[in-house]
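Engineer: This is final14.csv (CSV, C-alpha atoms).
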chain,number,residue,atom,x,y,z
A,72,MET,CA,123.8,-103.0,-46.6
A,73,LEU,CA,122.0,-99.8,-45.8
A,74,ASN,CA,123.0,-97.8,-42.7
A,75,VAL,CA,121.0,-94.8,-41.8
A,76,ILE,CA,120.9,-92.2,-39.1
A,77,ILE,CA,117.6,-90.6,-38.3
A,78,CYS,CA,117.9,-87.3,-36.4
A,79,GLY,CA,115.8,-84.3,-35.4
A,80,ALA,CA,114.7,-82.5,-32.3
A,81,PRO,CA,112.8,-84.4,-29.6
A,82,GLY,CA,109.2,-84.9,-30.8
A,83,CYS,CA,110.0,-84.8,-34.5
A,84,GLY,CA,108.8,-88.4,-35.0
A,85,LYS,CA,112.1,-90.3,-35.2
A,86,GLY,CA,110.7,-93.4,-33.4
A,87,THR,CA,107.6,-93.5,-35.6
A,88,GLN,CA,109.5,-93.1,-38.8
A,89,SER,CA,112.2,-95.5,-37.7
A,90,ALA,CA,109.6,-98.2,-37.2
A,91,LEU,CA,108.3,-97.7,-40.8
A,92,ILE,CA,111.8,-97.7,-42.2
A,93,VAL,CA,112.6,-101.0,-40.4
A,94,GLU,CA,109.5,-102.6,-41.7
A,95,LYS,CA,110.1,-101.5,-45.4
A,96,TYR,CA,113.9,-102.1,-45.5
A,97,ASN,CA,114.3,-104.9,-42.9
A,98,LEU,CA,116.9,-102.9,-41.0
A,99,LYS,CA,117.8,-103.3,-37.3
A,100,HIS,CA,116.5,-100.3,-35.3
A,101,LEU,CA,119.0,-99.1,-32.7
A,102,SER,CA,117.5,-96.4,-30.5
A,103,THR,CA,120.0,-95.1,-28.0
A,104,GLY,CA,117.0,-93.9,-26.0
A,105,ASP,CA,115.6,-97.4,-25.9
A,106,LEU,CA,119.0,-98.9,-25.1
A,107,LEU,CA,119.4,-96.4,-22.2
A,108,ARG,CA,115.8,-97.0,-21.0
A,109,ASN,CA,116.5,-100.7,-20.9
A,110,GLU,CA,119.6,-100.1,-18.8
A,111,ILE,CA,117.6,-97.9,-16.5
A,112,GLN,CA,114.8,-100.5,-16.1
A,113,SER,CA,117.3,-103.2,-15.4
A,114,ASP,CA,118.5,-101.0,-12.4
A,115,SER,CA,122.1,-101.7,-13.4
A,116,GLU,CA,124.9,-99.3,-12.2
A,117,LEU,CA,125.1,-98.0,-15.8
A,118,GLY,CA,121.3,-97.5,-15.8
A,119,LYS,CA,121.4,-95.6,-12.5
A,120,GLU,CA,124.2,-93.3,-13.8
A,121,ALA,CA,122.3,-92.7,-17.1
A,122,ASP,CA,119.1,-91.9,-15.3
A,123,SER,CA,120.9,-89.2,-13.2
A,124,TYR,CA,121.6,-87.3,-16.5
A,125,ILE,CA,118.3,-88.1,-18.4
A,126,SER,CA,116.0,-87.1,-15.5
A,127,LYS,CA,117.5,-83.6,-15.5
A,128,GLY,CA,117.2,-83.2,-19.3
A,129,ASN,CA,120.9,-83.6,-19.9
A,130,LEU,CA,122.7,-85.8,-22.4
A,131,VAL,CA,124.5,-89.0,-21.2
A,132,PRO,CA,128.3,-88.9,-21.6
A,133,ASP,CA,129.6,-89.9,-25.0
A,134,SER,CA,131.8,-92.8,-23.7
A,135,MET,CA,128.7,-94.4,-22.0
A,136,ILE,CA,126.6,-94.2,-25.2
A,137,ILE,CA,129.4,-95.4,-27.5
A,138,ASP,CA,130.1,-98.5,-25.4
A,139,ILE,CA,126.4,-99.4,-25.4
A,140,LEU,CA,126.0,-98.8,-29.1
A,141,THR,CA,129.2,-100.6,-30.1
A,142,LYS,CA,127.9,-103.7,-28.4
A,143,ALA,CA,124.5,-103.4,-30.2
A,144,ILE,CA,126.1,-102.8,-33.6
A,145,ASP,CA,128.4,-105.8,-33.2
A,146,ALA,CA,125.4,-108.0,-32.4
A,147,GLU,CA,123.9,-107.0,-35.8
A,148,ALA,CA,127.0,-107.3,-38.0
A,149,GLU,CA,125.4,-109.9,-40.4
A,150,GLY,CA,122.1,-108.0,-41.0
A,151,LYS,CA,120.8,-105.9,-43.9
A,152,GLY,CA,121.8,-102.7,-42.1
A,153,ILE,CA,120.9,-100.5,-39.2
A,154,ILE,CA,119.0,-97.4,-38.5
A,155,LEU,CA,120.3,-95.3,-35.6
A,156,ASP,CA,117.7,-93.3,-33.8
A,157,GLY,CA,118.9,-90.6,-31.4
A,158,PHE,CA,122.6,-91.0,-32.1
A,159,PRO,CA,125.0,-89.3,-32.8
A,160,ARG,CA,123.9,-86.2,-30.8
A,161,THR,CA,127.3,-84.5,-30.8
A,162,VAL,CA,130.1,-84.0,-33.3
A,163,ALA,CA,132.3,-86.0,-31.0
A,164,GLN,CA,129.8,-88.9,-31.1
A,165,ALA,CA,129.6,-88.6,-34.9
A,166,GLU,CA,133.4,-88.8,-35.1
A,167,ALA,CA,133.5,-91.8,-32.8
A,168,LEU,CA,130.8,-93.6,-34.7
A,169,GLU,CA,132.6,-93.1,-38.0
A,170,THR,CA,135.8,-94.4,-36.5
A,171,MET,CA,134.0,-97.4,-35.1
A,172,LEU,CA,132.2,-98.2,-38.3
A,173,ALA,CA,135.4,-97.8,-40.4
A,174,GLU,CA,137.0,-100.4,-38.1
A,175,ARG,CA,134.2,-102.7,-39.2
A,176,ASN,CA,134.5,-101.8,-42.9
A,177,CYS,CA,131.1,-100.1,-42.8
A,178,GLN,CA,129.8,-96.6,-43.3
A,179,ILE,CA,126.7,-94.4,-42.8
A,180,ASP,CA,124.8,-94.0,-46.1
A,181,PHE,CA,122.3,-91.3,-45.1
A,182,PHE,CA,121.8,-88.8,-42.3
A,183,LEU,CA,118.1,-88.0,-42.3
A,184,ASN,CA,117.2,-84.8,-40.4
A,185,ILE,CA,113.5,-84.5,-39.7
A,186,GLU,CA,112.7,-80.8,-39.4
A,187,VAL,CA,109.6,-79.7,-37.4
A,188,GLU,CA,108.6,-76.2,-36.2
A,189,LYS,CA,109.4,-75.6,-32.5
A,190,ARG,CA,105.8,-75.0,-31.4
A,191,GLU,CA,104.7,-78.2,-33.0
A,192,LEU,CA,107.5,-80.1,-31.3
A,193,ILE,CA,106.4,-78.8,-27.9
A,194,ALA,CA,102.7,-79.7,-28.6
A,195,ARG,CA,103.7,-83.2,-29.7
A,196,LEU,CA,105.8,-83.9,-26.6
A,197,LEU,CA,103.2,-82.6,-24.2
A,198,LYS,CA,100.6,-84.8,-25.8
A,199,ARG,CA,103.0,-87.8,-25.7
A,200,GLY,CA,103.6,-87.1,-22.0
A,201,GLU,CA,99.9,-87.3,-21.3
A,202,THR,CA,99.5,-90.7,-23.0
A,203,SER,CA,102.9,-92.4,-22.3
A,204,GLY,CA,103.6,-91.3,-18.8
A,205,ARG,CA,107.2,-90.5,-19.6
A,206,SER,CA,108.6,-88.3,-16.9
A,207,ASP,CA,110.7,-86.3,-19.3
A,208,ASP,CA,107.7,-85.0,-21.3
A,209,ASN,CA,106.8,-82.0,-19.2
A,210,LEU,CA,107.1,-78.4,-20.3
A,211,GLU,CA,110.2,-77.5,-18.3
A,212,THR,CA,112.2,-80.6,-19.3
A,213,ILE,CA,111.0,-80.3,-22.9
A,214,GLN,CA,112.3,-76.7,-23.2
A,215,LYS,CA,115.6,-77.8,-21.7
A,216,ARG,CA,115.9,-80.8,-24.1
A,217,LEU,CA,115.2,-78.5,-27.1
A,218,GLN,CA,117.8,-76.1,-25.9
A,219,VAL,CA,120.4,-78.8,-25.4
A,220,TYR,CA,119.5,-80.2,-28.9
A,221,GLU,CA,120.0,-76.8,-30.6
A,222,VAL,CA,123.3,-76.2,-28.9
A,223,LYS,CA,124.9,-79.7,-29.0
A,224,THR,CA,123.1,-81.8,-31.6
A,225,ALA,CA,122.4,-79.4,-34.5
A,226,PRO,CA,126.1,-79.1,-35.3
A,227,VAL,CA,126.1,-82.8,-36.2
A,228,SER,CA,124.1,-81.9,-39.3
A,229,ASP,CA,127.1,-79.8,-40.5
A,230,PHE,CA,129.4,-82.8,-39.9
A,231,TYR,CA,127.2,-84.9,-42.2
A,232,LYS,CA,126.7,-82.1,-44.7
A,233,GLN,CA,130.5,-82.0,-45.1
A,234,ALA,CA,130.5,-85.8,-45.6
A,235,GLY,CA,127.8,-85.5,-48.3
A,236,LYS,CA,125.4,-87.7,-46.4
A,237,PHE,CA,122.9,-85.1,-45.0
A,238,GLN,CA,119.3,-85.2,-46.2
A,239,SER,CA,116.7,-82.7,-44.8
A,240,ILE,CA,113.2,-84.2,-44.4
A,241,ASN,CA,110.2,-82.0,-43.9
A,242,GLY,CA,108.7,-83.4,-40.7
A,243,MET,CA,105.4,-81.5,-41.0
A,244,GLY,CA,102.3,-83.3,-42.1
A,245,THR,CA,100.9,-86.8,-41.6
A,246,VAL,CA,103.1,-89.8,-40.7
A,247,GLU,CA,102.5,-91.2,-44.2
A,248,GLU,CA,103.5,-88.0,-46.0
A,249,ILE,CA,106.7,-87.8,-44.0
A,250,PHE,CA,107.5,-91.4,-44.6
A,251,GLU,CA,106.9,-90.9,-48.4
A,252,ARG,CA,109.6,-88.2,-48.3
A,253,ILE,CA,112.0,-90.5,-46.5
A,254,VAL,CA,111.4,-93.4,-49.0
A,255,THR,CA,112.2,-91.1,-51.9
A,256,VAL,CA,115.6,-90.5,-50.4
A,257,LEU,CA,116.4,-94.1,-49.3
A,258,ASP,CA,115.3,-95.6,-52.6
A,259,PHE,CA,117.8,-93.4,-54.4
A,260,LYS,CA,120.6,-95.7,-53.1
A,261,LYS,CA,119.1,-98.8,-54.8
Can the structure in the file be given as structure tokens, please?
Structural biologist:
Amino acid sequence: MLNVIICGAPGCGKGTQSALIVEKYNLKHLSTGDLLRNEIQSDSELGKEADSYISKGNLVPDSMIIDILTKAIDAEAEGKGIILDGFPRTVAQAEALETMLAERNCQIDFFLNIEVEKRELIARLLKRGETSGRSDDNLETIQKRLQVYEVKTAPVSDFYKQAGKFQSINGMGTVEEIFERIVTVLDFKK
């Protein structure tokens, strides 16, 4: 079983790289962003509450994310592994994830941190906003999301460095070049 976390600032290419990893390694892709968007689209109470945070560029409370993610992981217990995209975003979430996985006799094998220069992140997100119509891809919200990421999410890297699972991935270049760097890391486990 291969369990991977893919992390990085908004716009670093987590979703694109996750799709390539899923295809090559036959993992189940669990994107908290997708899980949350599905809740919002379903117009459930949880979705409405999540949207009140996301539309302002804020993170959804840990307890809400952990409940959604636990349900998704339990549904994939018999698979070849998972790739978590966009989670954990805080040290508290990382600790909760490790506890939940330990209860299931599992662990995270790699924490892949895709690193991209800030001006490139902003350019990618603005371009995505033009093509996808996502309401959170506007300059003001992008800047807020990057600030929230730097303050709350970056310390998660230290958590996984201490656990010996952190791998820095250069996120500049073509999709194929970045994926090649990721494969080099993941194939090391084989």
Engineer: May I have the protein, DNA and RNA residues with an atom at most 6 Å from (130.3, -99.4, -34.3), counting only C-alpha atoms in the file's coordinates, returned as a PyMOL selection string?
Structural biologist: chain A and resi 141+144+168+171-172
Engineer: Please identify all polymer residues within 12 Å of A:Asp229, counting only C-alpha atoms, omitting same-chain residues fewer than 6 positions from it, and present them as a ChimeraX atom specification.
Structural biologist: /A:161-162,165,182,184,223,235-239
Engineer: Mind writing the picked residues with C-alpha atoms as a PDB file, keeping the file's coordinate frame?
Structural biologist:
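Saved result, out.pdb, follows:
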ATOM      1  CA  THR A 161     127.300 -84.500 -30.800  1.00  0.00           C
ATOM      2  CA  VAL A 162     130.100 -84.000 -33.300  1.00  0.00           C
ATOM      3  CA  ALA A 165     129.600 -88.600 -34.900  1.00  0.00           C
ATOM      4  CA  PHE A 182     121.800 -88.800 -42.300  1.00  0.00           C
ATOM      5  CA  ASN A 184     117.200 -84.800 -40.400  1.00  0.00           C
ATOM      6  CA  LYS A 223     124.900 -79.700 -29.000  1.00  0.00           C
ATOM      7  CA  GLY A 235     127.800 -85.500 -48.300  1.00  0.00           C
ATOM      8  CA  LYS A 236     125.400 -87.700 -46.400  1.00  0.00           C
ATOM      9  CA  PHE A 237     122.900 -85.100 -45.000  1.00  0.00           C
ATOM     10  CA  GLN A 238     119.300 -85.200 -46.200  1.00  0.00           C
ATOM     11  CA  SER A 239     116.700 -82.700 -44.800  1.00  0.00           C
TER      12      SER A 239
END
Engineer: Can you work out the spacing between atom CA of A:Leu196 and atom CA of A:Cys83 in Å, to one decimal?
Structural biologist: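 Distance reported for this atom pair: 9.0 Å.
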Engineer: Please indicate the distance in Å from atom CA of A:Ile213 to atom CA of A:Gly118, rounded to one decimal place.
Structural biologist: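 According to the coordinates, atom CA of A:Ile213 and atom CA of A:Gly118 are separated by 21.3 Å.
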Engineer: Just how far from atom CA of A:Gln214 is atom CA of A:Met243, in Å to one decimal?
Structural biologist: 19.7 Å
Engineer: My list of candidates is A:Glu120, A:Asp114, A:Asp145, A:Glu248. Which is closest to A:Pro132 when distances are computed with all atoms listed in the file?
Structural biologist: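 Answer, going by the shortest atom-to-atom distance: A:Glu120.
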Engineer: Of the candidates A:Asp105, A:Asp156, A:Glu116, A:Glu169, which one gets nearest to A:Phe230 if we count all atoms listed in the file?
Structural biologist: A:Glu169
Engineer: When you look at A:Leu257 with a cut-off of 10 Å (counting only C-alpha atoms), what residues show up, excluding the ones that are within fewer than 2 positions of it in the same chain? I need them as JSON, numbers by chain.
Structural biologist: {"A": [73, 75, 92, 96, 180, 181, 183, 238, 252, 253, 254, 255, 259, 260, 261]}
Engineer: Using all atoms listed in the file, list the residues that have an atom at most 12 Å from (115.7, -98.4, -23.5), coordinates as in the file, as a list in words.
Structural biologist: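 In the file's frame, the residues around the point are His100, Leu101, Ser102, Thr103, Gly104, Asp105, Leu106, Leu107, Arg108, Asn109, Glu110, Ile111, Gln112, Ser113, Asp114, Gly118, Ala121, Asp122, Ile125, Ile136, Ile139, Leu140, Asp156 and Gly157 of chain A.
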